[in-house]
Structures are given as C-alpha cells and as structure tokens.
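J.: upload.txt (compact mmCIF, C-alpha atoms) pasted underneath:
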```txt
# COMPACT_ATOMS: atom_id res chain seq x y z
CA MET A 29 16.65 48.90 -3.34
CA THR A 30 14.75 46.62 -1.00
CA THR A 31 13.41 47.90 2.31
CA LEU A 32 16.00 45.88 4.20
CA ASP A 33 18.79 47.64 2.29
CA ARG A 34 17.74 51.05 3.59
CA ARG A 35 20.05 52.73 6.09
CA LEU A 36 19.14 56.02 7.77
CA LEU A 37 21.51 58.08 9.95
CA LEU A 38 20.32 60.96 12.12
CA VAL A 39 22.67 63.50 13.72
CA HIS A 40 21.11 65.43 16.61
CA ALA A 41 22.46 67.80 19.24
CA HIS A 42 20.80 66.72 22.50
CA PRO A 43 18.61 63.89 23.81
CA ASP A 44 14.96 64.72 22.92
CA ASP A 45 15.79 66.61 19.69
CA GLU A 46 15.53 63.39 17.71
CA THR A 47 12.05 62.58 18.97
CA ILE A 48 10.66 66.09 18.58
CA GLY A 49 11.79 66.56 15.01
CA SER A 50 11.90 63.08 13.54
CA GLY A 51 10.52 60.54 16.02
CA ALA A 52 7.64 59.36 13.86
CA THR A 53 9.93 59.10 10.83
CA MET A 54 12.34 56.95 12.81
CA ALA A 55 9.57 54.65 14.07
CA LYS A 56 8.12 54.30 10.57
CA TYR A 57 11.35 53.29 8.89
CA VAL A 58 12.28 50.92 11.72
CA ALA A 59 8.89 49.22 11.37
CA GLU A 60 9.47 48.89 7.63
CA GLY A 61 12.76 47.09 8.22
CA ALA A 62 15.26 49.88 7.60
CA HIS A 63 18.38 50.20 9.74
CA VAL A 64 18.09 53.45 11.71
CA THR A 65 21.11 54.88 13.51
CA LEU A 66 20.97 57.88 15.84
CA VAL A 67 24.07 59.87 16.77
CA THR A 68 23.56 62.37 19.59
CA CYS A 69 26.33 64.94 19.96
CA THR A 70 25.93 65.89 23.64
CA LEU A 71 24.09 64.70 26.76
CA GLY A 72 22.28 68.02 27.16
CA GLU A 73 23.88 68.74 30.52
CA GLU A 74 22.85 72.41 30.48
CA GLY A 75 19.16 71.78 29.84
CA GLU A 76 16.48 73.38 32.00
CA VAL A 77 14.76 70.77 34.15
CA ILE A 78 10.96 70.53 34.18
CA GLY A 79 9.39 69.76 37.54
CA GLU A 80 10.90 69.16 40.96
CA GLU A 81 11.71 65.44 40.87
CA HIS A 82 14.97 65.92 39.01
CA ALA A 83 15.61 69.60 39.72
CA HIS A 84 18.65 68.68 41.82
CA ARG A 85 20.37 67.32 38.70
CA ALA A 86 20.74 70.77 37.12
CA ALA A 87 24.21 71.87 35.99
CA HIS A 88 24.47 74.51 38.73
CA LEU A 89 23.61 71.93 41.42
CA GLU A 90 24.60 68.24 41.13
CA ASP A 91 25.44 68.49 37.45
CA SER A 92 24.08 64.98 36.96
CA LEU A 93 21.44 65.84 34.35
CA GLY A 94 23.51 64.47 31.48
CA GLU A 95 23.71 60.95 32.85
CA HIS A 96 19.96 60.98 33.51
CA ARG A 97 19.18 62.25 30.02
CA GLU A 98 21.24 59.39 28.64
CA VAL A 99 18.80 57.03 30.36
CA GLU A 100 15.86 59.03 29.01
CA LEU A 101 17.32 58.76 25.52
CA ALA A 102 17.72 54.99 25.76
CA ASN A 103 14.13 54.63 26.97
CA ALA A 104 12.83 56.87 24.19
CA MET A 105 14.70 54.88 21.55
CA ALA A 106 13.21 51.66 22.94
CA ARG A 107 9.77 53.20 22.43
CA LEU A 108 10.59 53.98 18.79
CA GLY A 109 12.26 50.63 18.17
CA VAL A 110 15.66 52.16 17.45
CA THR A 111 18.35 49.77 18.68
CA ASP A 112 21.38 51.58 17.25
CA HIS A 113 21.90 54.86 19.11
CA ARG A 114 25.26 56.35 19.94
CA LEU A 115 26.87 59.40 21.52
CA LEU A 116 29.35 61.19 19.26
CA GLY A 117 32.82 60.09 20.31
CA GLY A 118 31.39 58.31 23.36
CA ALA A 119 29.49 59.53 26.43
CA GLY A 120 30.79 62.84 27.75
CA ARG A 121 33.13 63.51 24.82
CA TYR A 122 31.34 66.79 24.01
CA ARG A 123 29.46 68.78 26.64
CA ASP A 124 26.24 70.70 26.05
CA SER A 125 27.22 74.24 25.09
CA GLY A 126 24.45 76.41 26.41
CA MET A 127 23.43 79.53 24.51
CA VAL A 128 25.77 82.13 23.03
CA GLY A 129 26.87 84.68 25.60
CA THR A 130 26.78 82.29 28.53
CA ALA A 131 29.80 80.99 30.43
CA ASP A 132 28.88 77.44 29.40
CA ASN A 133 29.36 78.43 25.78
CA ASP A 134 32.98 79.35 26.51
CA ASP A 135 33.73 76.03 28.23
CA PRO A 136 36.60 74.39 26.27
CA SER A 137 34.89 71.00 26.71
CA CYS A 138 31.60 72.08 25.14
CA PHE A 139 30.51 71.02 21.68
CA TRP A 140 30.51 74.56 20.32
CA GLN A 141 34.19 74.92 21.15
CA ALA A 142 35.13 71.50 19.76
CA ASP A 143 37.62 71.26 16.93
CA LEU A 144 35.52 70.74 13.82
CA LEU A 145 37.88 68.22 12.23
CA THR A 146 38.06 66.17 15.42
CA ALA A 147 34.29 66.03 15.86
CA ALA A 148 33.69 65.35 12.17
CA THR A 149 36.23 62.52 12.23
CA ASP A 150 34.29 60.90 15.08
CA LEU A 151 31.26 60.93 12.79
CA VAL A 152 33.21 59.74 9.74
CA ALA A 153 33.84 56.47 11.57
CA VAL A 154 30.08 55.98 12.00
CA ILE A 155 29.25 56.92 8.41
CA ARG A 156 31.77 54.45 7.01
CA GLU A 157 30.55 51.71 9.31
CA ILE A 158 26.81 52.22 8.67
CA ARG A 159 27.08 53.43 5.04
CA PRO A 160 23.76 55.29 5.12
CA GLN A 161 21.94 56.35 2.00
CA VAL A 162 20.12 59.11 3.90
CA LEU A 163 21.29 61.48 6.63
CA ILE A 164 18.99 63.78 8.64
CA THR A 165 20.24 66.81 10.59
CA TYR A 166 19.48 70.55 10.98
CA ASP A 167 19.78 73.50 8.61
CA ASP A 168 22.69 75.93 8.79
CA PHE A 169 20.93 77.93 11.54
CA GLY A 170 20.45 74.80 13.59
CA GLY A 171 16.70 75.21 13.36
CA TYR A 172 16.54 77.99 15.94
CA GLY A 173 20.08 79.16 16.53
CA HIS A 174 21.27 76.95 19.38
CA PRO A 175 25.07 76.63 19.09
CA ASP A 176 24.97 72.84 19.46
CA HIS A 177 22.44 72.54 16.64
CA ILE A 178 24.54 74.74 14.39
CA GLN A 179 27.62 72.69 15.28
CA ALA A 180 25.76 69.44 14.59
CA HIS A 181 24.94 70.80 11.12
CA ARG A 182 28.58 71.70 10.51
CA VAL A 183 29.91 68.41 11.81
CA ALA A 184 27.42 66.36 9.79
CA HIS A 185 28.17 68.11 6.51
CA TYR A 186 31.93 68.11 7.01
CA ALA A 187 31.87 64.45 7.99
CA VAL A 188 29.93 63.56 4.84
CA THR A 189 32.60 65.27 2.72
CA LEU A 190 35.46 63.59 4.56
CA ALA A 191 33.81 60.16 4.60
CA ALA A 192 33.53 60.25 0.80
CA SER A 193 37.27 60.79 0.35
CA SER A 194 39.09 57.49 -0.01
CA THR A 195 42.36 59.20 0.97
CA PHE A 196 41.08 60.54 4.29
CA ARG A 197 41.72 58.28 7.28
CA SER A 198 41.57 54.96 5.46
CA ASP A 199 41.98 53.32 8.87
CA LEU A 200 38.35 54.25 9.53
CA GLY A 201 37.10 52.14 6.64
CA ALA A 202 36.44 52.47 2.94
CA GLY A 203 35.08 55.75 1.65
CA TRP A 204 31.30 56.23 1.54
CA ASP A 205 29.38 59.04 -0.15
CA VAL A 206 25.96 59.75 1.40
CA PRO A 207 23.54 60.31 -1.51
CA LYS A 208 20.84 62.32 0.28
CA ILE A 209 20.89 64.79 3.18
CA TYR A 210 17.77 66.29 4.73
CA TRP A 211 17.25 69.17 7.11
CA ILE A 212 14.37 68.99 9.58
CA ALA A 213 11.66 71.57 8.89
CA PHE A 214 8.66 72.97 10.76
CA PRO A 215 6.45 74.63 8.11
CA LYS A 216 4.82 77.92 9.07
CA SER A 217 1.44 76.74 7.78
CA VAL A 218 1.49 73.74 10.12
CA ILE A 219 2.52 75.86 13.09
CA ARG A 220 -0.15 78.44 12.24
CA ALA A 221 -2.82 75.72 12.11
CA GLY A 222 -1.68 74.53 15.51
CA ILE A 223 -1.90 78.01 16.98
CA GLU A 224 -5.42 78.44 15.62
CA ALA A 225 -6.44 75.09 17.08
CA VAL A 226 -5.07 76.05 20.49
CA LYS A 227 -6.94 79.36 20.32
CA ALA A 228 -10.14 77.56 19.35
CA ALA A 229 -9.73 75.42 22.45
CA GLY A 230 -9.86 78.59 24.56
CA GLU A 231 -6.16 79.23 25.21
CA THR A 232 -4.90 82.80 24.88
CA GLU A 233 -1.36 82.72 26.28
CA GLY A 234 1.88 80.90 25.57
CA PHE A 235 1.83 79.08 22.26
CA ALA A 236 -1.61 80.51 21.45
CA ALA A 237 -0.18 84.05 21.47
CA MET A 238 2.70 83.31 19.12
CA ASP A 239 3.10 84.28 15.46
CA PRO A 240 4.89 81.78 13.17
CA ASP A 241 6.62 84.68 11.42
CA ASP A 242 8.35 85.50 14.71
CA LEU A 243 9.44 81.95 15.55
CA PRO A 244 13.07 81.25 14.55
CA PHE A 245 12.44 77.54 13.91
CA ALA A 246 9.45 78.15 11.62
CA CYS A 247 10.24 77.38 7.99
CA ASP A 248 8.71 79.01 4.91
CA ASP A 249 6.49 76.43 3.24
CA ASP A 250 8.10 76.85 -0.16
CA LEU A 251 11.40 75.56 1.24
CA VAL A 252 9.86 72.24 2.30
CA THR A 253 10.64 69.54 -0.27
CA THR A 254 9.65 66.37 1.55
CA VAL A 255 6.92 65.10 3.84
CA VAL A 256 6.87 61.77 5.70
CA ASN A 257 3.41 60.62 6.70
CA ALA A 258 3.95 58.49 9.78
CA GLU A 259 0.58 59.03 11.44
CA ASP A 260 0.37 55.32 12.26
CA TYR A 261 3.37 55.80 14.56
CA VAL A 262 2.31 58.96 16.37
CA GLU A 263 1.62 57.12 19.64
CA LEU A 264 5.13 55.69 19.59
CA LYS A 265 6.48 59.22 19.12
CA MET A 266 4.35 60.65 21.93
CA ASN A 267 5.41 57.84 24.27
CA ALA A 268 9.04 58.50 23.36
CA MET A 269 8.55 62.18 24.13
CA ARG A 270 7.16 61.26 27.54
CA GLU A 271 10.41 59.44 28.27
CA HIS A 272 12.21 62.80 27.99
CA ALA A 273 10.34 63.95 31.08
CA THR A 274 13.00 66.37 32.34
CA GLN A 275 12.67 68.38 29.11
CA ILE A 276 9.22 67.87 27.61
CA SER A 277 5.62 68.11 28.71
CA VAL A 278 3.14 66.67 26.23
CA GLU A 279 0.15 67.86 28.22
CA ASP A 280 0.23 71.55 27.32
CA GLY A 281 1.64 74.09 24.88
CA PHE A 282 3.16 73.16 21.54
CA PHE A 283 3.57 69.45 22.26
CA ALA A 284 -0.07 69.04 23.22
CA LEU A 285 -1.07 69.70 19.60
CA SER A 286 -1.76 66.03 18.97
CA ASN A 287 -4.65 66.30 21.43
CA LYS A 288 -6.17 69.15 19.43
CA LEU A 289 -5.27 68.41 15.81
CA GLY A 290 -5.15 64.64 15.88
CA SER A 291 -2.32 62.45 14.68
CA ARG A 292 -1.36 64.70 11.77
CA ALA A 293 0.05 67.31 14.15
CA MET A 294 2.85 65.08 15.38
CA GLY A 295 2.73 62.12 13.00
CA VAL A 296 3.53 64.00 9.80
CA GLU A 297 7.09 65.30 9.65
CA PHE A 298 8.70 67.67 7.17
CA TYR A 299 12.14 68.06 5.64
CA ARG A 300 14.22 70.15 3.27
CA LEU A 301 16.34 68.21 0.77
CA ALA A 302 19.86 69.63 1.13
CA ARG A 303 21.74 67.10 -0.98
CA GLY A 304 20.57 64.75 -3.71
CA HIS A 305 17.49 64.83 -5.90
CA ALA A 306 13.81 64.62 -5.07
CA ALA A 307 12.18 61.56 -6.59
CA GLY A 308 9.31 59.12 -6.35
CA ASP A 309 5.69 59.76 -5.45
CA ARG A 310 4.60 63.31 -4.62
CA ASP A 311 1.83 64.69 -2.43
CA GLU A 312 -0.69 67.33 -3.52
CA GLN A 313 1.89 70.08 -2.90
CA GLY A 314 4.45 68.33 -5.08
CA ARG A 315 6.63 67.19 -2.17
CA GLU A 316 8.34 63.81 -2.23
CA THR A 317 6.99 61.33 0.31
CA ASP A 318 9.85 58.88 0.84
CA LEU A 319 13.34 59.83 2.05
CA PHE A 320 14.82 56.92 0.07
CA ALA A 321 13.04 57.73 -3.19
CA GLY A 322 15.31 57.57 -6.22
CA LEU A 323 18.01 55.46 -4.55
```
For the structure just supplied, provide its representation as structure tokens.

T.:
Amino acid sequence: MTTLDRRLLLVHAHPDDETIGSGATMAKYVAEGAHVTLVTCTLGEEGEVIGEEHAHRAAHLEDSLGEHREVELANAMARLGVTDHRLLGGAGRYRDSGMVGTADNDDPSCFWQADLLTAATDLVAVIREIRPQVLITYDDFGGYGHPDHIQAHRVAHYAVTLAASSTFRSDLGAGWDVPKIYWIAFPKSVIRAGIEAVKAAGETEGFAAMDPDDLPFACDDDLVTTVVNAEDYVELKMNAMREHATQISVEDGFFALSNKLGSRAMGVEFYRLARGHAAGDRDEQGRETDLFAGL
C-alpha cells in the first residue's frame, strides 16, 4: 500500500476529543499524504465553559455553545491539516448527553438516547464512502465513562459490522470491511511521569496530587499495543488545542505537560488494537509503530 492509498477514519464524541487523544497522529498522517476523516458525534452543547468571554453560551443560558464549538472544531482541524471533518448525521442531529444522572442525559434528542441502529447507519454511509483501512475510537468504557464516549464506541463498532454486510442498506454503497480498529489509550506510566514532572516543577495540587491508579482514563501499560511517534507535529497539536479555547487551557494542569516533559508528552500517542493484527516495525516495548502496518 502506498502512502496515498491510506485512509484513516476517527469517530469522536465532542469537539476537542479528537485533538486531545489523537491530534498529533492526525497531523502526522495528513502530512504523509493519507486521507484523514473525522466524524464528531455531537457539538458538545453541555460542556463547561472556561473563562468569561463565552460564559453566556452555556446550555443553561443562551445555549449557543454548540454552534461556537463547531467553529472551534473547524479552526482546530485547519491547524492539523484535516480537510474532511463531519458531524454525525449533520449538525445538531445528536445533542451532547451530559453525564449519567443529569436531566440532559434523559433528553430524547441526546446522543446517549439515540437509537443505535439509526446512529450506526449514519456512520455506515461515511464508512462506505471513505472505505478506511483504519478506524480510531474509544474503548468500551469510553475512556472515562462519559455516556457520549461509550455511545461513540458502540456506534463505531456496530457501524463497522453493518458496513461490511453487502445486504445491509445497499443504497448506501458497496460493503466495506474495516481491517483495523484502534482504541485511544493513555498509559499509566506516561501519566505517572507527567505527574512527577509537575511535582518537580513545584506544583502540589490539581494534577500533581493525582494517582494514575485512580484515574478512570488511565490504561494499564500491558494493554497498549501501538505507539505513534508524532513529535514533529506536537506544535500543530498544541495550536489545535488552543483553538478549543472554551474547553481547554494548555497553560496549566495536564495539558501543560508539553512545557515540562517536552514534545514526547503530547507528540507521542498510544492505542490499543481492538481489531486486526499488529504488524510492522516495533519499538523497544514490542509495540507496533504504524497504524497501517500489515495492510
């Protein structure tokens, strides 16, 4: 397979999730000539707003955060060089769900309450159009338990199964079987190194006081199968994160790690192979180093 034949599809829950977990990977494969497609499932309407400039957009006030985050997403993708980014079923089709136990989570229009077949069929159309060899999404816990992340996992996997069936919705195009699926991973060893670096810099609260064993998104290292070294693209990732200004601050806490650990903190991204076979070159821990290896 030539570089230009590579097609990567990412399925994320909200604007900013893509940059946090896989921004450097996206920038790297775009730069190498691969076709990268991002599907975002909601506009993140229920997100908590950082700062005062856009505080009025919150769901309990103007409820205009979603439309602003759509702009942030477009700007972030421009930073990464991703020209093909879409909202699942179109803008506003599925609303941000909020956390379990909240009224937002019971909203019939939210992503968590969406009919799984309907949402998966929306993604089938994209899969059959793009025909990706690699799909990136979350694990079955959605990384940290957010309902939209869990739903994105379910939708992505169901859509892959349906897209492969030539007898399912032939009007959406010919069947396509995605060879490899990856789940985003944040290894405990990497998080622990970040915490130690923050402590060494004199911080004692917030991220510095955390224990990776207590963080729901922290992944045991032995589950990590794949590492993408995209350190050359870390500045593109950080600039893309800055575009998500209502949600992310890169000046302190977890996302300031690049200032303390260098480019490896944010420029090396980790994955768990959920479908397909590991192949190609391996790093010193025996992890594959190319998402398209073996294809």

J.: Could you tell me how far atom CA of Glu81 of chain A sits from atom CA of Asp124 of chain A, in Å to one decimal place?

T.: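 Taking atom CA of Asp124 of chain A and atom CA of Glu81 of chain A, their separation equals 21.4 Å.
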
J.: With distances taken over all atoms listed in the file, which of A:Lys208, A:Met127, A:Ile155, A:Thr189 is nearest to Asp176 of chain A?

T.: A:Met127

J.: Which residue is closest to Asp44 of chain A? Choose from A:Arg97, A:Arg121, A:His185, A:Arg315 and count only C-alpha atoms.

T.: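 Using only C-alpha atoms, the shortest distance to Asp44 of chain A belongs to A:Arg97.
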
J.: Near Trp204 of chain A, counting all atoms listed in the file, which residues have an atom at most 12 Å away, once you skip same-chain residues fewer than 3 positions from it, shown as a CSV table (one decimal) with C-alpha atoms, keeping the file's coordinate frame?

T.:
```csv
chain,number,residue,atom,x,y,z
A,152,VAL,CA,33.2,59.7,9.7
A,153,ALA,CA,33.8,56.5,11.6
A,154,VAL,CA,30.1,56.0,12.0
A,155,ILE,CA,29.2,56.9,8.4
A,156,ARG,CA,31.8,54.4,7.0
A,157,GLU,CA,30.6,51.7,9.3
A,158,ILE,CA,26.8,52.2,8.7
A,159,ARG,CA,27.1,53.4,5.0
A,160,PRO,CA,23.8,55.3,5.1
A,161,GLN,CA,21.9,56.4,2.0
A,162,VAL,CA,20.1,59.1,3.9
A,187,ALA,CA,31.9,64.4,8.0
A,188,VAL,CA,29.9,63.6,4.8
A,189,THR,CA,32.6,65.3,2.7
A,190,LEU,CA,35.5,63.6,4.6
A,191,ALA,CA,33.8,60.2,4.6
A,192,ALA,CA,33.5,60.2,0.8
A,193,SER,CA,37.3,60.8,0.4
A,194,SER,CA,39.1,57.5,0.0
A,195,THR,CA,42.4,59.2,1.0
A,196,PHE,CA,41.1,60.5,4.3
A,198,SER,CA,41.6,55.0,5.5
A,200,LEU,CA,38.4,54.2,9.5
A,201,GLY,CA,37.1,52.1,6.6
A,207,PRO,CA,23.5,60.3,-1.5
```

J.: Kindly give the distance, in Å, that separates atom CA of Ala180 of chain A and atom CA of Pro215 of chain A, rounded to a single decimal.

T.: 21.0 Å

J.: Find the residues near segment 106-111 of chain A: any atom within 10 Å, counting all atoms listed in the file, skip ones fewer than 2 places away on the same chain, and give them as a PDB file with C-alpha atoms, in the frame of the given file.

T.:
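Generated file (out.pdb):
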```pdb
ATOM      1  CA  THR A  47      12.050  62.580  18.970  1.00  0.00           C
ATOM      2  CA  GLY A  51      10.520  60.540  16.020  1.00  0.00           C
ATOM      3  CA  ALA A  52       7.640  59.360  13.860  1.00  0.00           C
ATOM      4  CA  THR A  53       9.930  59.100  10.830  1.00  0.00           C
ATOM      5  CA  MET A  54      12.340  56.950  12.810  1.00  0.00           C
ATOM      6  CA  ALA A  55       9.570  54.650  14.070  1.00  0.00           C
ATOM      7  CA  LYS A  56       8.120  54.300  10.570  1.00  0.00           C
ATOM      8  CA  TYR A  57      11.350  53.290   8.890  1.00  0.00           C
ATOM      9  CA  VAL A  58      12.280  50.920  11.720  1.00  0.00           C
ATOM     10  CA  ALA A  59       8.890  49.220  11.370  1.00  0.00           C
ATOM     11  CA  HIS A  63      18.380  50.200   9.740  1.00  0.00           C
ATOM     12  CA  VAL A  64      18.090  53.450  11.710  1.00  0.00           C
ATOM     13  CA  THR A  65      21.110  54.880  13.510  1.00  0.00           C
ATOM     14  CA  LEU A  66      20.970  57.880  15.840  1.00  0.00           C
ATOM     15  CA  GLU A 100      15.860  59.030  29.010  1.00  0.00           C
ATOM     16  CA  LEU A 101      17.320  58.760  25.520  1.00  0.00           C
ATOM     17  CA  ALA A 102      17.720  54.990  25.760  1.00  0.00           C
ATOM     18  CA  ASN A 103      14.130  54.630  26.970  1.00  0.00           C
ATOM     19  CA  ALA A 104      12.830  56.870  24.190  1.00  0.00           C
ATOM     20  CA  HIS A 113      21.900  54.860  19.110  1.00  0.00           C
ATOM     21  CA  ARG A 114      25.260  56.350  19.940  1.00  0.00           C
ATOM     22  CA  TYR A 261       3.370  55.800  14.560  1.00  0.00           C
ATOM     23  CA  VAL A 262       2.310  58.960  16.370  1.00  0.00           C
ATOM     24  CA  GLU A 263       1.620  57.120  19.640  1.00  0.00           C
ATOM     25  CA  LEU A 264       5.130  55.690  19.590  1.00  0.00           C
ATOM     26  CA  LYS A 265       6.480  59.220  19.120  1.00  0.00           C
ATOM     27  CA  MET A 266       4.350  60.650  21.930  1.00  0.00           C
ATOM     28  CA  ASN A 267       5.410  57.840  24.270  1.00  0.00           C
ATOM     29  CA  ALA A 268       9.040  58.500  23.360  1.00  0.00           C
ATOM     30  CA  MET A 269       8.550  62.180  24.130  1.00  0.00           C
ATOM     31  CA  ARG A 270       7.160  61.260  27.540  1.00  0.00           C
ATOM     32  CA  GLU A 271      10.410  59.440  28.270  1.00  0.00           C
TER      33      GLU A 271
END
```

J.: Taking all atoms listed in the file into account, which of A:Cys69, A:Ile212, A:His96, A:Asp112 comes nearest Ala148 of chain A?

T.: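 Closest candidate: A:Cys69.
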
J.: Which one of A:Gly173, A:Thr317, A:Val256, A:Asp168 sits closest to Ala302 of chain A if you count all atoms listed in the file?

T.: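 Counting all atoms listed in the file, the residue closest to Ala302 of chain A is A:Asp168.
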
J.: Got a sec: who's within 12 Å of Asn133 of chain A, counting only C-alpha atoms, leaving out chain neighbours fewer than 4 positions off, as a list in words?

T.: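 Surrounding residues, per the criterion: Glu74, Tyr122, Arg123, Asp124, Ser125, Gly126, Met127, Val128, Gly129, Ser137, Cys138, Phe139, Trp140, Gln141, Ala142, His174, Pro175 and Asp176 of chain A.
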
J.: Restrict the selected residues to C-alpha atoms and save them as an mmCIF file, in the coordinates of the input.

T.:
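Saved result, selection-v7.cif, follows:
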```
data_model
loop_
_atom_site.group_PDB
_atom_site.id
_atom_site.type_symbol
_atom_site.label_atom_id
_atom_site.label_comp_id
_atom_site.auth_asym_id
_atom_site.auth_seq_id
_atom_site.Cartn_x
_atom_site.Cartn_y
_atom_site.Cartn_z
ATOM 1 C CA GLU A 74 22.850 72.410 30.480
ATOM 2 C CA TYR A 122 31.340 66.790 24.010
ATOM 3 C CA ARG A 123 29.460 68.780 26.640
ATOM 4 C CA ASP A 124 26.240 70.700 26.050
ATOM 5 C CA SER A 125 27.220 74.240 25.090
ATOM 6 C CA GLY A 126 24.450 76.410 26.410
ATOM 7 C CA MET A 127 23.430 79.530 24.510
ATOM 8 C CA VAL A 128 25.770 82.130 23.030
ATOM 9 C CA GLY A 129 26.870 84.680 25.600
ATOM 10 C CA SER A 137 34.890 71.000 26.710
ATOM 11 C CA CYS A 138 31.600 72.080 25.140
ATOM 12 C CA PHE A 139 30.510 71.020 21.680
ATOM 13 C CA TRP A 140 30.510 74.560 20.320
ATOM 14 C CA GLN A 141 34.190 74.920 21.150
ATOM 15 C CA ALA A 142 35.130 71.500 19.760
ATOM 16 C CA HIS A 174 21.270 76.950 19.380
ATOM 17 C CA PRO A 175 25.070 76.630 19.090
ATOM 18 C CA ASP A 176 24.970 72.840 19.460
#
```
